[in-house]
file structure_29.cif (mmCIF, C-alpha atoms and all ligand atoms)
data_my_file
loop_
_atom_site.label_atom_id
_atom_site.label_comp_id
_atom_site.auth_asym_id
_atom_site.auth_seq_id
_atom_site.Cartn_x
_atom_site.Cartn_y
_atom_site.Cartn_z
CA ASP R 1 14.68 9.68 16.66
CA ILE R 2 11.45 11.48 16.02
CA ARG R 3 8.28 12.14 17.94
CA ILE R 4 4.87 10.92 16.88
CA TYR R 5 1.70 11.89 18.69
CA VAL R 6 -1.40 9.78 19.05
CA GLU R 7 -4.54 11.67 19.93
CA GLU R 8 -6.38 9.29 22.23
CA MET R 9 -9.13 11.73 23.13
CA PRO R 10 -9.77 15.25 21.96
CA GLY R 11 -7.00 17.40 23.39
CA GLN R 12 -5.17 14.42 24.83
CA ARG R 13 -2.06 13.31 22.98
CA ARG R 14 0.35 10.54 23.74
CA GLU R 15 3.95 10.91 22.61
CA ILE R 16 5.88 8.08 21.04
CA ILE R 17 9.58 8.27 20.37
CA ALA R 18 10.41 6.36 17.21
CA PRO R 19 13.64 5.53 15.42
CA THR R 20 13.99 6.52 11.79
CA ASP R 21 16.98 4.39 10.86
CA MET R 22 15.18 1.04 10.74
CA GLY R 23 12.78 1.60 7.88
CA LEU R 24 9.78 1.16 10.14
CA SER R 25 6.25 2.07 9.20
CA LEU R 26 3.96 4.02 11.45
CA MET R 27 1.86 0.86 11.84
CA GLU R 28 4.84 -1.11 13.17
CA VAL R 29 5.73 1.59 15.66
CA LEU R 30 2.14 1.91 16.89
CA LYS R 31 1.87 -1.84 17.31
CA ALA R 32 5.17 -2.03 19.14
CA ASP R 33 3.90 0.66 21.45
CA GLY R 34 0.95 -1.50 22.42
CA TYR R 35 -1.82 -0.16 20.26
CA ASP R 36 -4.26 -2.80 19.15
CA ILE R 37 -3.86 -2.83 15.40
CA GLN R 38 -4.57 -6.16 13.77
CA ALA R 39 -2.52 -5.54 10.63
CA THR R 40 -3.75 -8.84 9.27
CA CYS R 41 -2.09 -8.24 5.90
CA GLY R 42 1.28 -7.59 7.52
CA GLY R 43 1.62 -4.12 6.09
CA MET R 44 0.77 -4.83 2.46
CA ALA R 45 -2.03 -2.25 2.12
CA LEU R 46 -4.56 -5.08 1.87
CA CYS R 47 -6.56 -5.06 5.10
CA ALA R 48 -7.10 -1.44 6.18
CA THR R 49 -7.05 -2.42 9.87
CA CYS R 50 -4.20 0.06 10.27
CA HIS R 51 -6.37 3.00 9.21
CA VAL R 52 -5.43 6.26 10.89
CA GLU R 53 -6.48 9.84 10.47
CA VAL R 54 -3.61 12.26 10.10
CA LEU R 55 -4.58 15.33 12.09
CA SER R 56 -1.57 17.57 11.67
CA GLY R 57 2.18 17.62 11.29
CA PRO R 58 4.52 17.54 8.34
CA ALA R 59 3.27 16.93 4.82
CA LEU R 60 3.50 13.25 3.92
CA PRO R 61 4.25 11.70 0.55
CA GLU R 62 1.08 11.13 -1.43
CA PRO R 63 -0.50 7.69 -1.05
CA GLU R 64 0.24 5.19 -3.78
CA ASP R 65 -2.47 3.46 -5.79
CA ALA R 66 -2.60 0.36 -3.58
CA GLU R 67 -3.28 2.49 -0.54
CA LEU R 68 -5.87 4.62 -2.32
CA ASP R 69 -7.66 1.52 -3.59
CA MET R 70 -7.79 0.07 -0.09
CA LEU R 71 -8.97 3.32 1.48
CA GLU R 72 -11.84 3.34 -1.00
CA THR R 73 -13.16 0.13 0.52
CA LEU R 74 -13.64 1.75 3.93
CA PRO R 75 -17.17 2.73 4.88
CA VAL R 76 -16.02 6.20 5.88
CA VAL R 77 -12.96 7.97 4.56
CA LEU R 78 -11.84 11.17 6.22
CA GLU R 79 -9.76 13.93 4.75
CA GLY R 80 -6.68 12.73 6.61
CA SER R 81 -7.32 9.01 6.22
CA ARG R 82 -4.19 6.95 5.59
CA LEU R 83 -3.03 3.40 6.04
CA SER R 84 -0.36 3.62 8.71
CA CYS R 85 1.53 0.68 7.21
CA GLN R 86 2.19 2.83 4.17
CA ILE R 87 3.68 5.71 6.15
CA ARG R 88 7.42 5.21 6.42
CA LEU R 89 8.97 6.97 9.39
CA THR R 90 11.80 9.27 8.43
CA PRO R 91 13.24 12.45 9.91
CA ARG R 92 10.67 14.27 7.77
CA THR R 93 7.75 12.72 9.62
CA ASP R 94 8.78 14.24 12.94
CA GLY R 95 5.81 15.74 14.77
CA LEU R 96 3.10 13.76 13.03
CA VAL R 97 -0.23 13.72 14.89
CA VAL R 98 -2.64 10.87 14.20
CA ARG R 99 -5.81 9.35 15.52
CA LEU R 100 -6.24 5.59 15.35
CA ALA R 101 -9.06 3.76 13.61
CA PRO R 102 -11.03 6.98 13.41
CA THR R 103 -14.08 5.31 11.92
CA GLY R 104 -13.91 2.11 13.91
CA ALA R 105 -12.49 0.17 10.97
FE1 LIG R 201 -2.99 -4.10 6.39
FE2 LIG R 201 -1.98 -1.67 6.70
S1 LIG R 201 -1.57 -3.44 7.84
S2 LIG R 201 -3.43 -2.33 5.27
#

call {"tool": "encode", "arguments": {"input": "structure_29.cif", "output": "structure tokens"}}
result
Amino acid sequence: DIRIYVEEMPGQRREIIAPTDMGLSLMEVLKADGYDIQATCGGMALCATCHVEVLSGPALPEPEDAELDMLETLPVVLEGSRLSCQIRLTPRTDGLVVRLAPTGA
């Protein structure tokens, strides 16, 4: 299992323990943990309600075109903006720190 951190307020992080052997996305783990993410598209990179800002942690694989296209539709895109449904949790994502819906999307 790995640890993911959600920054709920500046300097205040919540730890989530997540399995890596189930092919889960970050969105699925955040939802299962009780965070209010609509994920209306079901994780298809089509709704952007799962927008997170990656603050620190391991380097992630580059976003694919579908994710980039969707991020472009957001009113504000931050340097660390990602769609959490497109982040697959693996042992290499241990220690990821994110902030949810950083622009209110
Ligand atoms: Fe819809 Fe991620 S759940 S874009």

call {"tool": "atom_distance", "arguments": {"input": "structure_29.cif", "atom1": "CA of Gly80 in chain R", "atom2": "CA of Glu53 in chain R"}}
result
4.8 Å

call {"tool": "axis_aligned_box", "arguments": {"input": "structure_29.cif", "around": "ligand LIG 201 (chain R)", "padding_each_side": "8 Å", "output": "AutoDock Vina command-line options"}}
result
--center_x -2.5 --center_y -2.9 --center_z 6.6 --size_x 17.9 --size_y 18.4 --size_z 18.6

call {"tool": "closest_atom_pairs", "arguments": {"input": "structure_29.cif", "of": "chain R", "to": "ligand LIG 201 (chain R)", "cutoff": "7 Å", "atoms": "only C-alpha atoms and all ligand atoms", "output": "CSV"}}
result
residue,atom,partner,partner_atom,distance
R:Met27,CA,R:LIG201,S1,6.8
R:Ala39,CA,R:LIG201,S1,3.6
R:Thr40,CA,R:LIG201,FE1,5.6
R:Cys41,CA,R:LIG201,FE1,4.3
R:Gly42,CA,R:LIG201,S1,5.0
R:Gly43,CA,R:LIG201,S1,3.7
R:Met44,CA,R:LIG201,FE1,5.5
R:Ala45,CA,R:LIG201,S2,3.4
R:Leu46,CA,R:LIG201,S2,4.5
R:Cys47,CA,R:LIG201,FE1,3.9
R:Ala48,CA,R:LIG201,S2,3.9
R:Thr49,CA,R:LIG201,FE1,5.6
R:Cys50,CA,R:LIG201,FE2,4.5
R:His51,CA,R:LIG201,FE2,6.9
R:Leu83,CA,R:LIG201,FE2,5.2
R:Ser84,CA,R:LIG201,FE2,5.9
R:Cys85,CA,R:LIG201,FE2,4.3
R:Gln86,CA,R:LIG201,FE2,6.6

call {"tool": "residues_near_point", "arguments": {"input": "structure_29.cif", "point": "(-3.2, -0.4, 17.4)", "cutoff": "9 Å", "atoms": "only C-alpha atoms", "output": "JSON, numbers by chain"}}
result
{"R": [27, 30, 31, 32, 33, 34, 35, 36, 37, 38, 39, 49, 50, 100, 101]}

call {"tool": "atom_distance", "arguments": {"input": "structure_29.cif", "atom1": "CA of Asp21 in chain R", "atom2": "CA of Asp1 in chain R"}}
result
8.2 Å

call {"tool": "residues_around", "arguments": {"input": "structure_29.cif", "residues": "Arg88 in chain R", "least_positions_apart": "2", "cutoff": "7 Å", "atoms": "only C-alpha atoms", "output": "ChimeraX atom specification"}}
result
/R:23-26,86,90

call {"tool": "atom_distance", "arguments": {"input": "structure_29.cif", "atom1": "CA of Val97 in chain R", "atom2": "CA of Pro75 in chain R"}}
result
22.5 Å

call {"tool": "decode", "arguments": {"input": "structure_29.cif", "residues": "range 29-51 of chain R", "atoms": "N, CA and C atoms", "output": "PDB file, in the first residue's frame"}}
result
ATOM      1  N   VAL R  29      -9.943   6.493  -5.313  1.00  0.00           N
ATOM      2  CA  VAL R  29      -9.507   6.406  -3.919  1.00  0.00           C
ATOM      3  C   VAL R  29     -10.000   7.618  -3.126  1.00  0.00           C
ATOM      4  N   LEU R  30      -9.950   8.783  -3.723  1.00  0.00           N
ATOM      5  CA  LEU R  30     -10.429   9.989  -3.033  1.00  0.00           C
ATOM      6  C   LEU R  30     -11.926   9.892  -2.770  1.00  0.00           C
ATOM      7  N   LYS R  31     -12.656   9.425  -3.754  1.00  0.00           N
ATOM      8  CA  LYS R  31     -14.105   9.258  -3.586  1.00  0.00           C
ATOM      9  C   LYS R  31     -14.413   8.247  -2.480  1.00  0.00           C
ATOM     10  N   ALA R  32     -13.717   7.129  -2.516  1.00  0.00           N
ATOM     11  CA  ALA R  32     -13.946   6.089  -1.520  1.00  0.00           C
ATOM     12  C   ALA R  32     -13.626   6.596  -0.120  1.00  0.00           C
ATOM     13  N   ASP R  33     -12.754   7.577  -0.058  1.00  0.00           N
ATOM     14  CA  ASP R  33     -12.371   8.125   1.238  1.00  0.00           C
ATOM     15  C   ASP R  33     -13.343   9.203   1.698  1.00  0.00           C
ATOM     16  N   GLY R  34     -14.344   9.497   0.883  1.00  0.00           N
ATOM     17  CA  GLY R  34     -15.383  10.417   1.321  1.00  0.00           C
ATOM     18  C   GLY R  34     -15.302  11.810   0.733  1.00  0.00           C
ATOM     19  N   TYR R  35     -14.329  12.044  -0.105  1.00  0.00           N
ATOM     20  CA  TYR R  35     -14.254  13.367  -0.728  1.00  0.00           C
ATOM     21  C   TYR R  35     -15.345  13.519  -1.780  1.00  0.00           C
ATOM     22  N   ASP R  36     -15.879  14.701  -1.838  1.00  0.00           N
ATOM     23  CA  ASP R  36     -17.023  14.965  -2.706  1.00  0.00           C
ATOM     24  C   ASP R  36     -16.553  15.297  -4.121  1.00  0.00           C
ATOM     25  N   ILE R  37     -16.344  14.255  -4.883  1.00  0.00           N
ATOM     26  CA  ILE R  37     -15.950  14.426  -6.282  1.00  0.00           C
ATOM     27  C   ILE R  37     -17.070  13.840  -7.124  1.00  0.00           C
ATOM     28  N   GLN R  38     -17.636  14.642  -7.986  1.00  0.00           N
ATOM     29  CA  GLN R  38     -18.795  14.153  -8.746  1.00  0.00           C
ATOM     30  C   GLN R  38     -18.413  13.048  -9.721  1.00  0.00           C
ATOM     31  N   ALA R  39     -17.322  13.240 -10.426  1.00  0.00           N
ATOM     32  CA  ALA R  39     -16.868  12.238 -11.402  1.00  0.00           C
ATOM     33  C   ALA R  39     -18.003  11.808 -12.316  1.00  0.00           C
ATOM     34  N   THR R  40     -18.694  12.783 -12.855  1.00  0.00           N
ATOM     35  CA  THR R  40     -19.876  12.479 -13.663  1.00  0.00           C
ATOM     36  C   THR R  40     -19.560  11.630 -14.890  1.00  0.00           C
ATOM     37  N   CYS R  41     -18.335  11.708 -15.377  1.00  0.00           N
ATOM     38  CA  CYS R  41     -18.008  10.920 -16.576  1.00  0.00           C
ATOM     39  C   CYS R  41     -17.520   9.521 -16.213  1.00  0.00           C
ATOM     40  N   GLY R  42     -17.412   9.246 -14.926  1.00  0.00           N
ATOM     41  CA  GLY R  42     -16.991   7.913 -14.503  1.00  0.00           C
ATOM     42  C   GLY R  42     -15.511   7.638 -14.719  1.00  0.00           C
ATOM     43  N   GLY R  43     -14.737   8.680 -14.866  1.00  0.00           N
ATOM     44  CA  GLY R  43     -13.295   8.466 -14.989  1.00  0.00           C
ATOM     45  C   GLY R  43     -12.795   8.404 -16.414  1.00  0.00           C
ATOM     46  N   MET R  44     -13.563   9.025 -17.334  1.00  0.00           N
ATOM     47  CA  MET R  44     -13.203   8.965 -18.748  1.00  0.00           C
ATOM     48  C   MET R  44     -12.495  10.231 -19.252  1.00  0.00           C
ATOM     49  N   ALA R  45     -12.066  11.081 -18.343  1.00  0.00           N
ATOM     50  CA  ALA R  45     -11.408  12.338 -18.732  1.00  0.00           C
ATOM     51  C   ALA R  45     -12.353  13.241 -19.525  1.00  0.00           C
ATOM     52  N   LEU R  46     -13.631  13.239 -19.171  1.00  0.00           N
ATOM     53  CA  LEU R  46     -14.613  14.001 -19.938  1.00  0.00           C
ATOM     54  C   LEU R  46     -15.375  15.036 -19.122  1.00  0.00           C
ATOM     55  N   CYS R  47     -15.145  15.124 -17.826  1.00  0.00           N
ATOM     56  CA  CYS R  47     -15.956  16.054 -17.040  1.00  0.00           C
ATOM     57  C   CYS R  47     -15.135  17.051 -16.217  1.00  0.00           C
ATOM     58  N   ALA R  48     -13.929  16.717 -15.912  1.00  0.00           N
ATOM     59  CA  ALA R  48     -13.008  17.588 -15.158  1.00  0.00           C
ATOM     60  C   ALA R  48     -13.458  17.879 -13.725  1.00  0.00           C
ATOM     61  N   THR R  49     -14.493  17.192 -13.234  1.00  0.00           N
ATOM     62  CA  THR R  49     -14.891  17.406 -11.842  1.00  0.00           C
ATOM     63  C   THR R  49     -13.890  16.776 -10.882  1.00  0.00           C
ATOM     64  N   CYS R  50     -12.970  16.013 -11.397  1.00  0.00           N
ATOM     65  CA  CYS R  50     -11.980  15.349 -10.543  1.00  0.00           C
ATOM     66  C   CYS R  50     -10.654  16.105 -10.543  1.00  0.00           C
ATOM     67  N   HIS R  51     -10.702  17.346 -10.974  1.00  0.00           N
ATOM     68  CA  HIS R  51      -9.499  18.186 -11.065  1.00  0.00           C
ATOM     69  C   HIS R  51      -8.786  18.283  -9.715  1.00  0.00           C
TER      70      HIS R  51
END
